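Take a look at the structure set out below.
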Amino acid sequence: MTHRITAIHEDGTVFEVSYGYGPGQRRMLGCQHCDWQERITYGGARHKGLDHLAQAHGALGSPRMTADAAARRQVVLIMLACFAVAAVIVWWAASQG
Ligand SMILES: [Zn+2]
């Protein structure tokens with residue numbers, strides 16, 4: 001399972017940090033454009049990836065709002081899924097009566 005964290009330089013070049021599980025199920029960030037690697041022990045992999053791309057390559061990632069919006073969407077989807085399951089159970093229980 002590998003995620004990609006991308007950032008775009010002023011001149012349009014896209015820089016990319018890959019994020020996934022390395023040996024021993026350790027979470028690793030690895031830059032595609034230099035030798036930078038970082039083992040993630042806690043917290044924001046995306047933030048660290050974007051930090052590297054900004055500092056080492058001068059590329060800016062999508063603003064943090066995007067990540068927050070995506071996270072919020074995920075929460076909403078999970079809630080909707082739970083609600084749908086509950087609705088089906090209620091409907092099933094009602095139809096048995
Ligand atoms: Zn790099």
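Ligands are numbered from 1 in the order shown, chains are lettered A, B, ... in the order of the structure tokens, and residues start at 1 in each chain.
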
Review point. How would you write, as a list in words, the set of residues no farther than 9 Å from ligand 1 when counting only C-alpha atoms and all ligand atoms?
Key: Phe15, Glu16, Val17, Gly30, Cys31, Gln32, His33, Cys34, Asp35, Trp36, Gln37, Gly49, His52, Leu53, Gln55, Ala56 and His57 of chain A

Exercise for review: Could you jot down the atom CA of A:Gly24 to atom CA of A:Ala71 separation for me, Å, one decimal place?
Suggested key: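 Atom CA of A:Ala71 lies at a distance of 27.2 Å from atom CA of A:Gly24.
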
Exercise for review: Would you mind reading off the distance between atom CA of A:Arg46 and atom CA of A:Cys82, one decimal, in Å?
Suggested key: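 That distance, rounded to one decimal, is 27.7 Å.
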
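Backbone DSSP over chain A gives strand (DSSP E or B) for Thr2, His3, Arg4, Ile5, Thr6, Ala7, Ile8, His9, Val14, Phe15, Glu16, Val17, Ser18, Tyr19, Gly20, Tyr21, Arg27, Met28, Leu29, Gly30, Cys31, Gln37, Glu38, Arg39, Ile40, Ala59, Leu60 and Gly61 of chain A.
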
Those selected residues, please, written with N, CA, C and O atoms and delivered as an mmCIF file, in the first residue's frame.
data_model
loop_
_atom_site.group_PDB
_atom_site.id
_atom_site.type_symbol
_atom_site.label_atom_id
_atom_site.label_comp_id
_atom_site.auth_asym_id
_atom_site.auth_seq_id
_atom_site.Cartn_x
_atom_site.Cartn_y
_atom_site.Cartn_z
ATOM 1 N N THR A 2 0.888 1.945 -1.100
ATOM 2 C CA THR A 2 1.733 3.120 -1.201
ATOM 3 C C THR A 2 0.902 4.336 -1.602
ATOM 4 O O THR A 2 0.094 4.275 -2.507
ATOM 5 N N HIS A 3 1.120 5.388 -0.882
ATOM 6 C CA HIS A 3 0.447 6.638 -1.208
ATOM 7 C C HIS A 3 1.454 7.579 -1.841
ATOM 8 O O HIS A 3 2.645 7.429 -1.651
ATOM 9 N N ARG A 4 0.962 8.532 -2.561
ATOM 10 C CA ARG A 4 1.825 9.523 -3.166
ATOM 11 C C ARG A 4 1.446 10.908 -2.662
ATOM 12 O O ARG A 4 0.264 11.252 -2.635
ATOM 13 N N ILE A 5 2.470 11.624 -2.263
ATOM 14 C CA ILE A 5 2.269 13.001 -1.835
ATOM 15 C C ILE A 5 2.956 13.866 -2.880
ATOM 16 O O ILE A 5 4.153 13.728 -3.094
ATOM 17 N N THR A 6 2.210 14.689 -3.561
ATOM 18 C CA THR A 6 2.799 15.462 -4.651
ATOM 19 C C THR A 6 2.761 16.954 -4.348
ATOM 20 O O THR A 6 1.901 17.439 -3.624
ATOM 21 N N ALA A 7 3.729 17.635 -4.924
ATOM 22 C CA ALA A 7 3.798 19.080 -4.825
ATOM 23 C C ALA A 7 4.283 19.609 -6.171
ATOM 24 O O ALA A 7 5.010 18.927 -6.886
ATOM 25 N N ILE A 8 3.878 20.810 -6.517
ATOM 26 C CA ILE A 8 4.205 21.372 -7.830
ATOM 27 C C ILE A 8 5.101 22.592 -7.688
ATOM 28 O O ILE A 8 4.816 23.502 -6.913
ATOM 29 N N HIS A 9 6.207 22.558 -8.449
ATOM 30 C CA HIS A 9 7.133 23.675 -8.466
ATOM 31 C C HIS A 9 6.553 24.799 -9.315
ATOM 32 O O HIS A 9 5.684 24.564 -10.147
ATOM 33 N N VAL A 14 6.376 18.501 -11.315
ATOM 34 C CA VAL A 14 5.702 17.833 -10.205
ATOM 35 C C VAL A 14 6.709 17.006 -9.420
ATOM 36 O O VAL A 14 7.433 16.187 -9.990
ATOM 37 N N PHE A 15 6.796 17.241 -8.135
ATOM 38 C CA PHE A 15 7.666 16.464 -7.263
ATOM 39 C C PHE A 15 6.801 15.525 -6.437
ATOM 40 O O PHE A 15 5.660 15.836 -6.123
ATOM 41 N N GLU A 16 7.397 14.393 -6.118
ATOM 42 C CA GLU A 16 6.588 13.365 -5.489
ATOM 43 C C GLU A 16 7.346 12.665 -4.366
ATOM 44 O O GLU A 16 8.517 12.344 -4.499
ATOM 45 N N VAL A 17 6.652 12.454 -3.276
ATOM 46 C CA VAL A 17 7.182 11.651 -2.175
ATOM 47 C C VAL A 17 6.267 10.438 -2.041
ATOM 48 O O VAL A 17 5.052 10.581 -2.033
ATOM 49 N N SER A 18 6.863 9.259 -2.001
ATOM 50 C CA SER A 18 6.020 8.077 -1.821
ATOM 51 C C SER A 18 5.969 7.721 -0.347
ATOM 52 O O SER A 18 6.907 7.959 0.408
ATOM 53 N N TYR A 19 4.862 7.154 0.043
ATOM 54 C CA TYR A 19 4.621 6.863 1.442
ATOM 55 C C TYR A 19 4.023 5.470 1.534
ATOM 56 O O TYR A 19 3.029 5.170 0.881
ATOM 57 N N GLY A 20 4.666 4.623 2.296
ATOM 58 C CA GLY A 20 4.143 3.274 2.410
ATOM 59 C C GLY A 20 4.853 2.519 3.516
ATOM 60 O O GLY A 20 5.597 3.104 4.297
ATOM 61 N N TYR A 21 4.615 1.227 3.532
ATOM 62 C CA TYR A 21 5.197 0.406 4.571
ATOM 63 C C TYR A 21 6.482 -0.234 4.085
ATOM 64 O O TYR A 21 6.501 -0.910 3.065
ATOM 65 N N ARG A 27 6.416 2.572 8.724
ATOM 66 C CA ARG A 27 5.957 3.568 7.759
ATOM 67 C C ARG A 27 7.137 4.407 7.307
ATOM 68 O O ARG A 27 7.896 4.913 8.126
ATOM 69 N N MET A 28 7.293 4.503 5.998
ATOM 70 C CA MET A 28 8.432 5.227 5.446
ATOM 71 C C MET A 28 7.961 6.259 4.427
ATOM 72 O O MET A 28 7.047 6.005 3.655
ATOM 73 N N LEU A 29 8.666 7.391 4.448
ATOM 74 C CA LEU A 29 8.503 8.358 3.376
ATOM 75 C C LEU A 29 9.772 8.310 2.546
ATOM 76 O O LEU A 29 10.870 8.237 3.094
ATOM 77 N N GLY A 30 9.650 8.331 1.229
ATOM 78 C CA GLY A 30 10.833 8.343 0.378
ATOM 79 C C GLY A 30 10.653 9.317 -0.770
ATOM 80 O O GLY A 30 9.647 9.289 -1.458
ATOM 81 N N CYS A 31 11.652 10.200 -0.971
ATOM 82 C CA CYS A 31 11.577 11.177 -2.042
ATOM 83 C C CYS A 31 11.959 10.517 -3.371
ATOM 84 O O CYS A 31 12.884 9.714 -3.428
ATOM 85 N N GLN A 37 14.905 10.119 2.894
ATOM 86 C CA GLN A 37 13.953 9.131 3.411
ATOM 87 C C GLN A 37 13.676 9.472 4.856
ATOM 88 O O GLN A 37 14.547 9.964 5.555
ATOM 89 N N GLU A 38 12.490 9.196 5.285
ATOM 90 C CA GLU A 38 12.225 9.405 6.692
ATOM 91 C C GLU A 38 11.277 8.338 7.200
ATOM 92 O O GLU A 38 10.297 7.988 6.553
ATOM 93 N N ARG A 39 11.616 7.815 8.356
ATOM 94 C CA ARG A 39 10.751 6.837 8.988
ATOM 95 C C ARG A 39 9.736 7.590 9.825
ATOM 96 O O ARG A 39 10.091 8.482 10.595
ATOM 97 N N ILE A 40 8.489 7.225 9.653
ATOM 98 C CA ILE A 40 7.428 7.914 10.380
ATOM 99 C C ILE A 40 7.115 7.125 11.640
ATOM 100 O O ILE A 40 6.732 5.967 11.579
ATOM 101 N N ALA A 59 8.932 23.102 -3.994
ATOM 102 C CA ALA A 59 7.637 22.795 -4.588
ATOM 103 C C ALA A 59 6.543 22.875 -3.522
ATOM 104 O O ALA A 59 6.742 22.463 -2.389
ATOM 105 N N LEU A 60 5.419 23.409 -3.922
ATOM 106 C CA LEU A 60 4.336 23.589 -2.968
ATOM 107 C C LEU A 60 3.248 22.550 -3.177
ATOM 108 O O LEU A 60 2.752 22.359 -4.289
ATOM 109 N N GLY A 61 2.873 21.894 -2.110
ATOM 110 C CA GLY A 61 1.790 20.915 -2.175
ATOM 111 C C GLY A 61 0.447 21.594 -2.071
ATOM 112 O O GLY A 61 0.366 22.804 -1.843
#
